[in-house]
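Engineer: What follows is final27.cif, made up of mmCIF, C-alpha atoms:
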```cif
data_my_file
#
loop_
_atom_site.label_atom_id
_atom_site.label_comp_id
_atom_site.auth_asym_id
_atom_site.auth_seq_id
_atom_site.Cartn_x
_atom_site.Cartn_y
_atom_site.Cartn_z
CA MET X 1 81.83 -88.90 -56.01
CA LYS X 2 78.93 -91.32 -55.61
CA PRO X 3 79.68 -94.27 -53.24
CA ALA X 4 79.63 -97.76 -54.71
CA ASP X 5 76.52 -99.94 -54.46
CA PRO X 6 77.32 -102.45 -51.65
CA ASP X 7 75.71 -105.32 -53.57
CA ALA X 8 77.90 -104.65 -56.59
CA ALA X 9 80.91 -103.92 -54.38
CA ARG X 10 80.79 -107.48 -53.06
CA LEU X 11 81.65 -108.68 -56.56
CA LEU X 12 85.08 -107.15 -56.15
CA ARG X 13 86.02 -109.71 -53.51
CA TRP X 14 86.86 -112.16 -56.29
CA TYR X 15 89.73 -109.96 -57.45
CA PRO X 16 93.19 -109.66 -55.83
CA ARG X 17 93.79 -106.65 -53.59
CA GLY X 18 96.26 -104.91 -55.91
CA TRP X 19 93.80 -105.12 -58.78
CA ARG X 20 90.94 -103.82 -56.60
CA GLU X 21 93.01 -100.83 -55.56
CA ARG X 22 93.87 -99.98 -59.15
CA TYR X 23 90.66 -100.82 -61.03
CA GLY X 24 88.05 -101.36 -58.30
CA GLU X 25 86.23 -98.01 -58.42
CA GLU X 26 85.98 -97.74 -62.19
CA PHE X 27 85.00 -101.42 -62.43
CA LEU X 28 82.15 -100.84 -59.98
CA ALA X 29 81.10 -97.72 -61.87
CA MET X 30 80.84 -99.81 -65.02
CA VAL X 31 78.89 -102.57 -63.25
CA GLU X 32 76.44 -99.99 -61.89
CA ASP X 33 76.10 -98.35 -65.30
CA SER X 34 75.35 -101.66 -66.96
CA LEU X 35 72.89 -102.72 -64.22
CA ASP X 36 71.08 -99.37 -64.28
CA GLY X 37 69.67 -99.76 -60.75
CA ARG X 38 68.94 -103.52 -60.95
CA ARG X 39 70.54 -106.12 -58.70
CA PRO X 40 73.42 -108.15 -60.16
CA GLY X 41 72.08 -111.40 -61.68
CA TRP X 42 73.68 -114.84 -61.33
CA ARG X 43 75.14 -114.67 -64.84
CA LEU X 44 76.97 -111.43 -64.05
CA ARG X 45 78.12 -112.77 -60.68
CA LEU X 46 79.44 -115.91 -62.36
CA SER X 47 81.30 -114.06 -65.11
CA VAL X 48 82.83 -111.62 -62.61
CA ALA X 49 83.87 -114.49 -60.33
CA ARG X 50 85.52 -116.24 -63.26
CA ALA X 51 87.32 -113.05 -64.35
CA GLY X 52 88.39 -112.32 -60.77
CA LEU X 53 89.80 -115.80 -60.26
CA ARG X 54 91.58 -115.59 -63.59
CA GLU X 55 93.12 -112.31 -62.46
CA ARG X 56 94.22 -113.92 -59.21
CA GLY X 57 95.79 -116.76 -61.20
CA HIS X 58 97.53 -114.30 -63.50
CA ARG X 59 98.97 -112.31 -60.58
CA ALA X 60 100.02 -115.48 -58.75
CA ARG X 61 101.79 -116.71 -61.86
CA LEU X 62 103.57 -113.37 -62.26
CA ALA X 63 104.59 -113.38 -58.60
CA GLY X 64 105.77 -116.98 -58.84
CA GLN X 65 107.72 -116.23 -61.98
CA ARG X 66 109.37 -113.26 -60.32
CA ALA X 67 110.28 -115.32 -57.28
CA ALA X 68 111.55 -118.39 -59.07
CA LEU X 69 112.37 -116.96 -62.46
CA PRO X 70 115.91 -118.28 -62.77
CA VAL X 71 114.85 -121.83 -61.85
CA LEU X 72 111.85 -121.79 -64.19
CA ARG X 73 113.98 -120.46 -67.02
CA ALA X 74 116.51 -123.15 -66.35
CA LEU X 75 113.89 -125.82 -66.92
CA THR X 76 112.47 -124.57 -70.21
CA TRP X 77 112.79 -126.85 -73.21
CA ARG X 78 115.65 -124.97 -74.81
CA ARG X 79 117.80 -125.77 -71.83
CA TRP X 80 117.57 -129.52 -72.29
CA THR X 81 121.29 -129.72 -72.98
CA PHE X 82 121.92 -128.73 -69.39
CA PHE X 83 119.62 -131.47 -68.18
CA LEU X 84 121.53 -133.97 -70.30
CA ALA X 85 124.82 -132.71 -68.92
CA GLY X 86 123.49 -132.94 -65.38
CA SER X 87 122.11 -136.43 -65.91
CA VAL X 88 125.36 -137.63 -67.44
CA VAL X 89 127.51 -136.31 -64.64
CA ILE X 90 125.23 -137.51 -61.89
CA ASN X 91 125.03 -141.02 -63.33
CA LEU X 92 128.79 -141.37 -63.46
CA PRO X 93 129.24 -143.03 -60.05
CA TYR X 94 126.68 -145.65 -61.06
CA GLU X 95 128.16 -146.20 -64.51
CA PHE X 96 131.68 -146.16 -63.13
CA LYS X 97 130.75 -149.01 -60.85
CA ALA X 98 129.09 -150.86 -63.71
CA SER X 99 131.97 -150.35 -66.15
CA SER X 100 134.31 -152.58 -64.17
CA GLY X 101 132.07 -155.52 -64.97
CA ALA X 102 131.38 -154.54 -68.57
CA ALA X 103 131.73 -157.11 -71.30
CA GLN X 104 133.74 -154.64 -73.42
CA ARG X 105 136.12 -153.36 -70.77
CA TRP X 106 138.50 -151.68 -73.19
CA GLN X 107 135.59 -149.78 -74.73
CA ALA X 108 134.27 -148.71 -71.33
CA ALA X 109 137.75 -147.62 -70.24
CA ALA X 110 138.31 -145.66 -73.46
CA ALA X 111 134.91 -143.93 -73.20
CA MET X 112 135.52 -143.08 -69.56
CA GLY X 113 138.99 -141.73 -70.37
CA ALA X 114 137.63 -139.64 -73.24
CA PHE X 115 134.83 -138.37 -71.05
CA ALA X 116 137.29 -137.25 -68.38
CA ALA X 117 139.60 -135.65 -70.97
CA VAL X 118 136.76 -133.71 -72.61
CA ALA X 119 135.42 -132.67 -69.20
CA ALA X 120 138.90 -131.37 -68.34
CA LEU X 121 139.05 -129.54 -71.67
CA GLY X 122 135.63 -127.97 -71.04
CA GLY X 123 136.72 -126.96 -67.55
CA ALA X 124 139.91 -125.44 -68.95
CA ALA X 125 137.86 -123.51 -71.50
CA VAL X 126 135.64 -122.14 -68.73
CA LEU X 127 138.70 -121.09 -66.73
CA THR X 128 140.37 -119.52 -69.76
CA GLY X 129 137.20 -117.59 -70.57
CA ALA X 130 137.01 -116.36 -67.00
CA ILE X 131 140.69 -115.31 -66.96
CA LEU X 132 140.35 -113.49 -70.30
CA ALA X 133 137.33 -111.57 -69.02
CA LEU X 134 138.87 -110.84 -65.60
CA PRO X 135 140.19 -107.31 -66.34
CA ALA X 136 136.84 -106.22 -67.81
CA PHE X 137 135.03 -107.90 -64.90
CA GLY X 138 137.19 -105.98 -62.45
CA ARG X 139 136.30 -102.71 -64.17
CA PHE X 140 132.63 -103.68 -64.05
CA LEU X 141 132.79 -104.39 -60.30
CA ARG X 142 134.70 -101.18 -59.57
CA ALA X 143 132.00 -99.27 -61.44
CA GLY X 144 129.43 -100.66 -58.95
CA GLY X 145 128.11 -103.50 -61.12
CA TRP X 146 127.89 -106.20 -58.43
CA PRO X 147 124.24 -105.52 -57.45
CA ARG X 148 123.21 -106.15 -61.08
CA ILE X 149 124.43 -109.75 -61.02
CA ARG X 150 124.32 -110.53 -57.28
CA ARG X 151 120.94 -112.28 -57.41
CA ARG X 152 121.86 -114.55 -60.31
CA VAL X 153 125.17 -115.50 -58.73
CA ALA X 154 123.43 -116.26 -55.43
CA TRP X 155 120.90 -118.54 -57.16
CA ALA X 156 123.66 -120.32 -59.06
CA ALA X 157 125.79 -120.75 -55.93
CA GLY X 158 122.79 -122.11 -54.00
CA ALA X 159 121.93 -124.62 -56.72
CA THR X 160 125.58 -125.69 -56.96
CA THR X 161 125.76 -126.27 -53.21
CA ALA X 162 122.58 -128.34 -53.31
CA ALA X 163 123.79 -130.34 -56.33
CA GLY X 164 127.23 -130.85 -54.79
CA SER X 165 125.70 -132.20 -51.58
CA GLY X 166 123.48 -134.55 -53.58
CA MET X 167 126.39 -135.79 -55.66
CA ALA X 168 128.57 -136.35 -52.63
CA ALA X 169 125.80 -138.41 -51.00
CA LEU X 170 125.40 -140.49 -54.17
CA VAL X 171 129.12 -141.15 -54.46
CA LEU X 172 129.18 -142.29 -50.83
CA ILE X 173 126.21 -144.61 -51.41
CA ALA X 174 127.73 -145.95 -54.64
CA GLY X 175 131.04 -146.64 -52.92
CA SER X 176 129.54 -148.79 -50.18
CA ARG X 177 127.29 -150.94 -52.39
CA THR X 178 127.68 -153.41 -55.21
CA TYR X 179 126.54 -152.76 -58.77
CA ASP X 180 123.56 -155.14 -58.37
CA GLN X 181 122.50 -153.39 -55.16
CA LEU X 182 122.63 -150.03 -56.88
CA ARG X 183 120.79 -151.34 -59.91
CA GLY X 184 117.85 -152.50 -57.80
CA SER X 185 117.68 -149.40 -55.60
CA TRP X 186 114.80 -147.04 -56.31
CA VAL X 187 116.11 -144.61 -53.72
CA PHE X 188 119.43 -144.42 -55.56
CA PHE X 189 117.66 -144.00 -58.89
CA LEU X 190 115.35 -141.24 -57.65
CA GLY X 191 118.18 -139.57 -55.74
CA GLY X 192 120.27 -139.61 -58.92
CA PHE X 193 117.42 -138.16 -60.91
CA ALA X 194 116.79 -135.37 -58.39
CA ALA X 195 120.47 -134.54 -58.05
CA GLY X 196 120.80 -134.56 -61.85
CA LEU X 197 117.94 -132.12 -62.11
CA VAL X 198 119.46 -129.78 -59.53
CA LEU X 199 122.85 -130.05 -61.20
CA ALA X 200 121.27 -129.24 -64.56
CA VAL X 201 119.63 -126.20 -63.01
CA ALA X 202 122.98 -125.18 -61.47
CA PHE X 203 124.72 -125.45 -64.87
CA ARG X 204 122.04 -123.35 -66.44
CA LEU X 205 122.07 -120.76 -63.67
CA TRP X 206 125.82 -120.30 -63.95
CA ALA X 207 125.50 -119.93 -67.70
CA SER X 208 122.75 -117.40 -67.15
CA ALA X 209 124.82 -115.49 -64.58
CA VAL X 210 127.83 -115.45 -66.90
CA LYS X 211 125.66 -114.30 -69.79
CA ALA X 212 124.13 -111.50 -67.73
CA THR X 213 127.59 -110.43 -66.57
CA ALA X 214 129.01 -110.58 -70.09
CA THR X 215 126.39 -108.18 -71.39
CA HIS X 216 127.74 -105.54 -68.99
CA LEU X 217 131.42 -106.08 -69.79
CA ASP X 218 133.33 -103.89 -72.17
CA LEU X 219 135.58 -106.46 -73.83
CA PRO X 220 138.30 -105.74 -76.40
CA LEU X 221 137.65 -107.28 -79.84
CA ARG X 222 140.17 -110.12 -79.48
CA VAL X 223 138.84 -111.13 -76.07
CA ARG X 224 135.28 -110.97 -77.38
CA VAL X 225 136.09 -113.30 -80.28
CA GLY X 226 138.01 -115.57 -77.92
CA GLU X 227 135.04 -115.78 -75.57
CA MET X 228 132.72 -116.67 -78.43
CA VAL X 229 135.04 -119.45 -79.59
CA LEU X 230 135.37 -120.76 -76.04
CA GLY X 231 131.57 -120.79 -75.83
CA VAL X 232 131.49 -123.14 -78.83
CA VAL X 233 134.23 -125.30 -77.31
CA ILE X 234 132.27 -125.68 -74.08
CA THR X 235 128.96 -126.47 -75.78
CA THR X 236 130.68 -128.98 -78.06
CA ALA X 237 132.41 -130.51 -75.05
CA VAL X 238 129.04 -131.10 -73.38
CA PHE X 239 127.75 -132.94 -76.46
CA VAL X 240 130.96 -134.95 -76.83
CA MET X 241 130.70 -135.93 -73.15
CA LEU X 242 127.17 -137.11 -73.85
CA ALA X 243 128.40 -139.18 -76.81
CA CYS X 244 131.15 -140.70 -74.64
CA TYR X 245 128.55 -141.51 -72.03
CA LEU X 246 126.44 -143.32 -74.63
CA ILE X 247 129.48 -145.32 -75.75
CA LEU X 248 130.24 -146.16 -72.12
CA SER X 249 126.65 -147.29 -71.60
CA SER X 250 126.77 -149.36 -74.79
CA ALA X 251 129.79 -151.20 -73.35
CA ILE X 252 128.00 -151.85 -70.06
CA TYR X 253 124.73 -153.03 -71.59
CA SER X 254 126.26 -154.54 -74.76
CA SER X 255 123.95 -152.33 -76.79
CA VAL X 256 124.74 -151.75 -80.46
CA PRO X 257 122.12 -148.94 -80.91
CA LEU X 258 123.67 -146.97 -78.01
CA LEU X 259 127.12 -147.45 -79.54
CA LEU X 260 125.90 -146.26 -82.95
CA LEU X 261 124.18 -143.28 -81.35
CA GLY X 262 127.33 -142.33 -79.46
CA VAL X 263 129.58 -142.68 -82.52
CA ALA X 264 127.07 -140.71 -84.64
CA GLY X 265 127.04 -137.98 -81.97
CA LEU X 266 130.84 -137.78 -82.07
CA ALA X 267 130.82 -137.62 -85.86
CA VAL X 268 128.17 -134.88 -85.95
CA GLN X 269 130.01 -132.78 -83.37
CA SER X 270 133.34 -133.20 -85.18
CA ALA X 271 131.78 -132.21 -88.50
CA ALA X 272 129.86 -129.23 -87.08
CA ALA X 273 132.59 -127.78 -84.84
CA PRO X 274 134.66 -125.92 -87.51
CA GLY X 275 131.53 -124.21 -88.90
CA LYS X 276 130.36 -123.24 -85.42
CA ILE X 277 133.76 -121.78 -84.61
CA ARG X 278 133.78 -119.74 -87.85
CA GLN X 279 130.29 -118.47 -87.01
CA ALA X 280 131.39 -117.61 -83.45
CA VAL X 281 134.31 -115.59 -84.81
CA ARG X 282 131.99 -113.70 -87.17
CA ARG X 283 129.48 -113.01 -84.38
CA GLY X 284 132.25 -111.93 -82.01
CA ARG X 285 133.49 -109.38 -84.56
CA ARG X 286 130.01 -108.17 -85.34
CA ARG X 287 128.78 -107.57 -81.80
CA PRO X 288 129.40 -104.03 -80.64
CA ARG X 289 129.95 -105.08 -77.05
CA SER X 290 130.61 -108.15 -74.93
CA ALA X 291 130.35 -111.83 -75.73
CA PRO X 292 127.23 -113.71 -74.79
CA GLY X 293 128.52 -115.96 -72.08
CA ARG X 294 130.30 -119.22 -72.12
CA GLY X 295 128.23 -122.31 -72.38
CA GLY X 296 125.08 -120.26 -72.59
CA MET N 1 103.66 -112.74 -87.69
CA ALA N 2 102.37 -115.28 -85.20
CA SER N 3 104.81 -114.12 -82.55
CA ARG N 4 103.76 -110.50 -83.07
CA ARG N 5 100.11 -111.42 -82.60
CA GLN N 6 100.95 -113.39 -79.47
CA ALA N 7 103.05 -110.52 -78.11
CA ASN N 8 100.17 -108.13 -78.62
CA GLY N 9 97.58 -110.59 -77.36
CA LEU N 10 95.49 -110.08 -80.51
CA ARG N 11 94.51 -113.29 -82.16
CA ARG N 12 90.91 -113.35 -83.32
CA GLU N 13 88.59 -110.76 -84.67
CA ASN N 14 86.31 -111.08 -81.63
CA ASP N 15 89.10 -110.89 -79.08
CA PRO N 16 88.20 -108.34 -76.40
CA PRO N 17 91.66 -106.66 -76.60
CA LEU N 18 91.31 -106.16 -80.35
CA LEU N 19 87.76 -104.83 -80.03
CA ILE N 20 88.83 -102.41 -77.29
CA LEU N 21 91.70 -101.08 -79.40
CA ILE N 22 89.35 -100.61 -82.37
CA SER N 23 86.92 -98.73 -80.13
CA LEU N 24 89.64 -96.53 -78.62
CA ALA N 25 91.06 -95.76 -82.08
CA GLU N 26 88.06 -93.44 -82.40
CA GLY N 27 88.90 -91.58 -79.17
CA PRO N 28 89.17 -92.03 -75.37
CA LYS N 29 86.32 -93.90 -73.62
CA HIS N 30 85.54 -95.26 -70.16
CA GLY N 31 84.43 -98.84 -69.44
CA HIS N 32 80.69 -98.57 -70.00
CA ALA N 33 81.12 -96.44 -73.14
CA LEU N 34 83.58 -98.99 -74.49
CA ALA N 35 81.16 -101.87 -73.91
CA LYS N 36 78.33 -99.97 -75.62
CA ASP N 37 80.49 -99.01 -78.60
CA ILE N 38 81.78 -102.56 -79.06
CA GLU N 39 78.26 -103.94 -78.89
CA GLY N 40 77.27 -101.39 -81.53
CA PHE N 41 79.97 -102.04 -84.13
CA ALA N 42 80.80 -105.72 -83.48
CA GLY N 43 77.62 -107.12 -81.96
CA VAL N 44 79.71 -108.55 -79.10
CA THR N 45 78.52 -107.99 -75.52
CA LEU N 46 81.49 -107.73 -73.16
CA GLY N 47 80.65 -108.08 -69.47
CA PRO N 48 82.57 -106.10 -66.85
CA GLY N 49 84.81 -109.07 -66.05
CA ALA N 50 85.87 -109.72 -69.63
CA LEU N 51 86.21 -106.02 -70.42
CA TYR N 52 88.36 -105.17 -67.41
CA GLY N 53 90.43 -108.33 -67.83
CA ALA N 54 91.29 -107.13 -71.34
CA ILE N 55 91.84 -103.53 -70.18
CA THR N 56 94.27 -104.79 -67.51
CA ARG N 57 96.30 -106.80 -70.03
CA LEU N 58 96.32 -103.98 -72.59
CA GLU N 59 97.52 -101.49 -70.00
CA GLU N 60 100.22 -103.93 -68.81
CA ARG N 61 101.48 -104.17 -72.39
CA GLY N 62 101.44 -100.41 -72.83
CA LEU N 63 98.89 -100.54 -75.64
CA ILE N 64 96.41 -98.28 -73.82
CA GLU N 65 96.76 -95.76 -71.00
CA PRO N 66 94.36 -94.21 -68.49
CA LEU N 67 93.52 -90.53 -68.57
CA GLY N 68 93.10 -88.43 -65.47
CA SER N 69 89.54 -88.11 -64.22
CA ASP N 70 87.70 -86.73 -61.18
CA ASP N 71 84.86 -89.16 -61.86
CA ARG N 72 84.83 -92.85 -60.93
CA ARG N 73 84.59 -93.53 -64.66
CA ARG N 74 88.19 -93.44 -65.81
CA PRO N 75 88.65 -93.01 -69.56
CA TYR N 76 91.36 -94.81 -71.54
CA GLN N 77 93.15 -93.86 -74.71
CA ILE N 78 95.13 -95.88 -77.21
CA THR N 79 98.92 -95.37 -77.16
CA SER N 80 101.17 -95.16 -80.20
CA ALA N 81 102.28 -98.75 -79.50
CA GLY N 82 98.60 -99.69 -79.34
CA SER N 83 97.92 -98.03 -82.69
CA ALA N 84 100.83 -99.89 -84.26
CA ALA N 85 99.66 -103.19 -82.76
CA LEU N 86 96.13 -102.58 -83.97
CA ALA N 87 97.33 -101.71 -87.48
CA GLY N 88 99.38 -104.92 -87.58
CA ALA N 89 96.52 -107.07 -86.30
CA LEU N 90 94.05 -105.56 -88.76
CA ALA N 91 96.48 -106.05 -91.65
CA ASP N 92 96.82 -109.70 -90.65
CA LEU N 93 93.06 -110.05 -90.48
CA ARG N 94 92.64 -108.38 -93.88
CA ARG N 95 95.17 -110.78 -95.41
CA VAL N 96 93.40 -113.81 -93.93
CA THR N 97 89.99 -112.44 -94.92
CA SER N 98 91.02 -111.80 -98.51
CA VAL N 99 92.46 -115.32 -98.81
CA GLY N 100 89.25 -116.76 -97.38
CA LEU N 101 87.07 -114.71 -99.67
CA ALA N 102 89.21 -115.56 -102.69
CA ARG N 103 88.94 -119.24 -101.88
CA LEU N 104 85.19 -118.91 -101.66
CA ARG N 105 85.38 -117.18 -105.05
CA ILE N 106 83.36 -114.28 -103.83
CA GLY N 107 86.33 -112.01 -103.21
CA GLY N 108 85.58 -109.93 -106.27
CA SER N 109 82.13 -108.96 -105.07
CA LEU N 110 82.72 -108.67 -101.31
CA ALA N 111 86.35 -107.59 -100.81
#
```
Since I need it in another form, could you write the structure as C-alpha cells?

Structural biologist:
Amino acid sequence: MKPADPDAARLLRWYPRGWRERYGEEFLAMVEDSLDGRRPGWRLRLSVARAGLRERGHRARLAGQRAALPVLRALTWRRWTFFLAGSVVINLPYEFKASSGAAQRWQAAAAMGAFAAVAALGGAAVLTGAILALPAFGRFLRAGGWPRIRRRVAWAAGATTAAGSGMAALVLIAGSRTYDQLRGSWVFFLGGFAAGLVLAVAFRLWASAVKATATHLDLPLRVRVGEMVLGVVITTAVFVMLACYLILSSAIYSSVPLLLLGVAGLAVQSAAAPGKIRQAVRRGRRRPRSAPGRGG
Amino acid sequence: MASRRQANGLRRENDPPLLILISLAEGPKHGHALAKDIEGFAGVTLGPGALYGAITRLEERGLIEPLGSDDRRRPYQITSAGSAALAGALADLRRVTSVGLARLRIGGSLA
C-alpha cells in the first residue's frame, strides 16, 4: 500500500479523529488521485477545511445530543405544555402573595381553590396510574428491566431535586418579603423563571421515563385502557390548572382579557374532554401492548 | 413526502447524496471514480470534502455500504434501503419536473 503524500495528509487535520480513522486513508487516496501529482491548491485546502469543520460540528452535535438528549428533548416545541405547567407552579408563591391584595378577592380565592383541587386530582390520577401498573412494573423489574430505564429515571430525579431546591428557595424568599418587594425584584423574577424551566424539564423527564417504562410493560387490556384515560385526565388537568391560573391573574391585575382567556380555556377543555377520553379508550383497546405513559 | 426526503437527506437534484446514489446505482465505485462519474453525467464537480461529507452521511443512514478492499481506495455500493430512497427521490423529482414542464407548456415535447 502506497503511503500518503504528507502535503495532502496535512489536510486531514481539519477532521475529527474518529472520522480520520474511518475515512482518512481513502479520503487521501481520492485527494491524491484528483491532484495527480500536483500540490493541493488554496481552493482545495479551503473546501477541505470547511468540510472538516462541518464534520467536527456534526460529531460535536451528535455527542452533545447523546449526552444531554433527555434535556434537549424536554425543551422542544412540542413540550411547551410542560413549560407552562412549570411556569404556573413556580409562580404560585408570587401570585399567592398577590392574591391577598386582589381587588376581586372572591375570584382569586375561587381560582386558587380550583387550582389546588385540580392539582390534587391530577396527582391522584398519577398515583392511580402508578398503582394500576405496579404488578406489570414488578414483573418488568424482575425480568431485569431496570437498566433499560435507569438513565431516564436518574435524569428525572436529578431535575426534580434541582427544581425542588429552587422552589423551596423561592417560597422562603416570598415568605419574608412583601408583594411590592417581590414585584420589583429582578432576582426573584429570574430565579422564578429558571426554576420554572427546570421544573418544566423535570415534568417532561418524568413523563418520558414513564412512557419509556410503559412501552416495556405487559399490561392487561383493562389496565391499558385505564392508563390511557388517566393520561387524558392528567393532560386536561394541566390545562385546567393553566386556565385557573389565568383567572387568578385576572383577579390580581383586574384584567378582563386574562379572565376571558381563562374562562375560554376552561370551556374548551370541558368540551374536548369527553371526545379525548373516547379516543383514549379506542387507542387503549387497539394497542397490542402497553399504554403510552401518563401525562406524556 | 417532505419528511421522507428530509429523512433520506435528498432534497435537490444536485445534492451530493442524490448524485452519489445515482452513480452507485450503476455499480460499486470508490471516491475518485464516483467524482468522475458524477462530473460526467451531471456536470457537477464534487471536491473530496463535499464527496466524503455526503458519503459519511449516506453510510450513517444505511443507504450505502463499504466493500472490502486491500487498496486504499475503498469502493462503496448502494444498499436496498438506498435503492428505495433513490427511487422515491427520483419519483418526487419526476413529479415536480413534469408539473414544471406542463406549466411551461412544453411538457408534450420534452417530457

Engineer: Given a cut-off of 7 Å, which residues of chain X touch chain N, counting only C-alpha atoms, written out as a PyMOL selection string?

Structural biologist: chain X and resi 1+25-27+29-31+33-34+47-48+51

Engineer: Suppose you want the space between CA of Trp42 (chain X) and CA of Arg13 (chain X); what is it in Å?

Structural biologist: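 According to the coordinates, CA of Trp42 (chain X) and CA of Arg13 (chain X) are separated by 15.5 Å.
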
Engineer: Nearest to Pro6 (chain X) among X:Arg56, X:Arg139, X:Lys211, X:Arg39, with distances taken over only C-alpha atoms: which residue is it?

Structural biologist: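 The closest residue to Pro6 (chain X) is X:Arg39.
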
Engineer: Of the candidates N:Gly100, N:Gly40, N:Gly62, N:Gly88, which one gets nearest to Tyr76 (chain N) if we count only C-alpha atoms?

Structural biologist: N:Gly62

Engineer: How far is it from CA of Thr45 (chain N) to CA of Arg22 (chain X), in Å with one decimal?

Structural biologist: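 Between these atoms lies a distance of 23.8 Å.
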
Engineer: Just to confirm, what's the straight-line distance from CA of Ser249 (chain X) to CA of Gly192 (chain X) in Å (one decimal)?

Structural biologist: 16.1 Å

Engineer: Hey, what's within 12 Å of Ala42 (chain N) if we count all atoms listed in the file and toss same-chain stuff fewer than 6 positions away? As an MDAnalysis selection string, please?

Structural biologist: chainID N and resid 13:16 18:20 22:23 34:36

Engineer: Residues near region 83-87 of chain N, anyone? I mean within 8 Å using all atoms listed in the file, not counting same-chain ones fewer than 2 positions away, as a VMD selection string.

Structural biologist: chain N and resid 8 18 21 to 22 25 63 78 to 81 89 to 91

Engineer: To verify the selection step, state as a list of chain:residue names which residues the PyMOL selection byres ((chain X and resi 230) around 10) yields on this input.

Structural biologist: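 When the PyMOL selection byres ((chain X and resi 230) around 10) is applied, the selected residues are X:Gly122, X:Ala124, X:Ala125, X:Val126, X:Leu127, X:Thr128, X:Gly129, X:Arg224, X:Val225, X:Gly226, X:Glu227, X:Met228, X:Val229, X:Gly231, X:Val232, X:Val233, X:Ile234, X:Thr235, X:Thr236, X:Ile277, X:Ala280, X:Gly293, X:Arg294, X:Gly295.
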
Engineer: Got time to write the residues from that selection, C-alpha atoms, as a compact mmCIF listing (two decimals), in the coordinates of the input?

Structural biologist:
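The result, written out as part.txt:
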```txt
# COMPACT_ATOMS: atom_id res chain seq x y z
CA GLY X 122 135.63 -127.97 -71.04
CA ALA X 124 139.91 -125.44 -68.95
CA ALA X 125 137.86 -123.51 -71.50
CA VAL X 126 135.64 -122.14 -68.73
CA LEU X 127 138.70 -121.09 -66.73
CA THR X 128 140.37 -119.52 -69.76
CA GLY X 129 137.20 -117.59 -70.57
CA ARG X 224 135.28 -110.97 -77.38
CA VAL X 225 136.09 -113.30 -80.28
CA GLY X 226 138.01 -115.57 -77.92
CA GLU X 227 135.04 -115.78 -75.57
CA MET X 228 132.72 -116.67 -78.43
CA VAL X 229 135.04 -119.45 -79.59
CA GLY X 231 131.57 -120.79 -75.83
CA VAL X 232 131.49 -123.14 -78.83
CA VAL X 233 134.23 -125.30 -77.31
CA ILE X 234 132.27 -125.68 -74.08
CA THR X 235 128.96 -126.47 -75.78
CA THR X 236 130.68 -128.98 -78.06
CA ILE X 277 133.76 -121.78 -84.61
CA ALA X 280 131.39 -117.61 -83.45
CA GLY X 293 128.52 -115.96 -72.08
CA ARG X 294 130.30 -119.22 -72.12
CA GLY X 295 128.23 -122.31 -72.38
```

Engineer: Would you kindly translate the PyMOL selection byres ((chain X and resi 109-114) around 7) into the concrete residues it picks from this file, as an NGL selection string?

Structural biologist: :X and (105-108 or 115-118 or 244-245 or 247-248)

Engineer: Excluding Ala154 (chain X) and any residue of its chain fewer than 4 positions from it, enumerate the residues within 12 Å of it, using all atoms listed in the file, and give them as a ChimeraX atom specification.

Structural biologist: /X:70,146-150,158-161,202,205-206,208-209

Engineer: Exactly which residues make up the result of the PyMOL selection byres ((chain X and resi 217-220) around 12) on this file, given as number ranges by chain?

Structural biologist: X: 129, 132-143, 145-146, 148-149, 210-216, 221-228, 284-285, 287-293

Engineer: If you count only C-alpha atoms, which residues fall within 8 Å of Leu170 (chain X), apart from same-chain ones fewer than 2 positions away, as a VMD selection string?

Structural biologist: chain X and resid 93 166 to 168 172 to 174 188 191 to 192

Engineer: Please save C-alpha atoms of the selected residues as an mmCIF file, in the frame of the given file.

Structural biologist:
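For reference, part25.cif as written:
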```
data_model
loop_
_atom_site.group_PDB
_atom_site.id
_atom_site.type_symbol
_atom_site.label_atom_id
_atom_site.label_comp_id
_atom_site.auth_asym_id
_atom_site.auth_seq_id
_atom_site.Cartn_x
_atom_site.Cartn_y
_atom_site.Cartn_z
ATOM 1 C CA PRO X 93 129.240 -143.030 -60.050
ATOM 2 C CA GLY X 166 123.480 -134.550 -53.580
ATOM 3 C CA MET X 167 126.390 -135.790 -55.660
ATOM 4 C CA ALA X 168 128.570 -136.350 -52.630
ATOM 5 C CA LEU X 172 129.180 -142.290 -50.830
ATOM 6 C CA ILE X 173 126.210 -144.610 -51.410
ATOM 7 C CA ALA X 174 127.730 -145.950 -54.640
ATOM 8 C CA PHE X 188 119.430 -144.420 -55.560
ATOM 9 C CA GLY X 191 118.180 -139.570 -55.740
ATOM 10 C CA GLY X 192 120.270 -139.610 -58.920
#
```

Engineer: Nearest to Gly68 (chain N): which of N:Val96, N:Glu39, N:Lys29, N:Pro17 is it, counting only C-alpha atoms?

Structural biologist: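 The closest residue to Gly68 (chain N) is N:Lys29.
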
Engineer: Would you output region 19-34 of chain N from that structure, restricted to C-alpha atoms, as a CSV table (one decimal), in the first residue's frame?

Structural biologist:
```csv
chain,number,residue,atom,x,y,z
N,19,LEU,CA,-25.8,12.2,-7.2
N,20,ILE,CA,-23.8,9.6,-5.3
N,21,LEU,CA,-26.7,7.2,-5.1
N,22,ILE,CA,-27.4,7.6,-8.8
N,23,SER,CA,-23.8,6.9,-9.6
N,24,LEU,CA,-23.7,3.8,-7.3
N,25,ALA,CA,-27.0,2.5,-8.8
N,26,GLU,CA,-24.8,1.5,-11.8
N,27,GLY,CA,-22.4,-0.5,-9.6
N,28,PRO,CA,-19.8,-0.1,-6.8
N,29,LYS,CA,-17.3,2.7,-7.1
N,30,HIS,CA,-14.5,4.3,-4.9
N,31,GLY,CA,-14.3,8.0,-4.2
N,32,HIS,CA,-12.4,9.2,-7.3
N,33,ALA,CA,-14.4,7.1,-9.7
N,34,LEU,CA,-17.6,8.4,-8.1
```
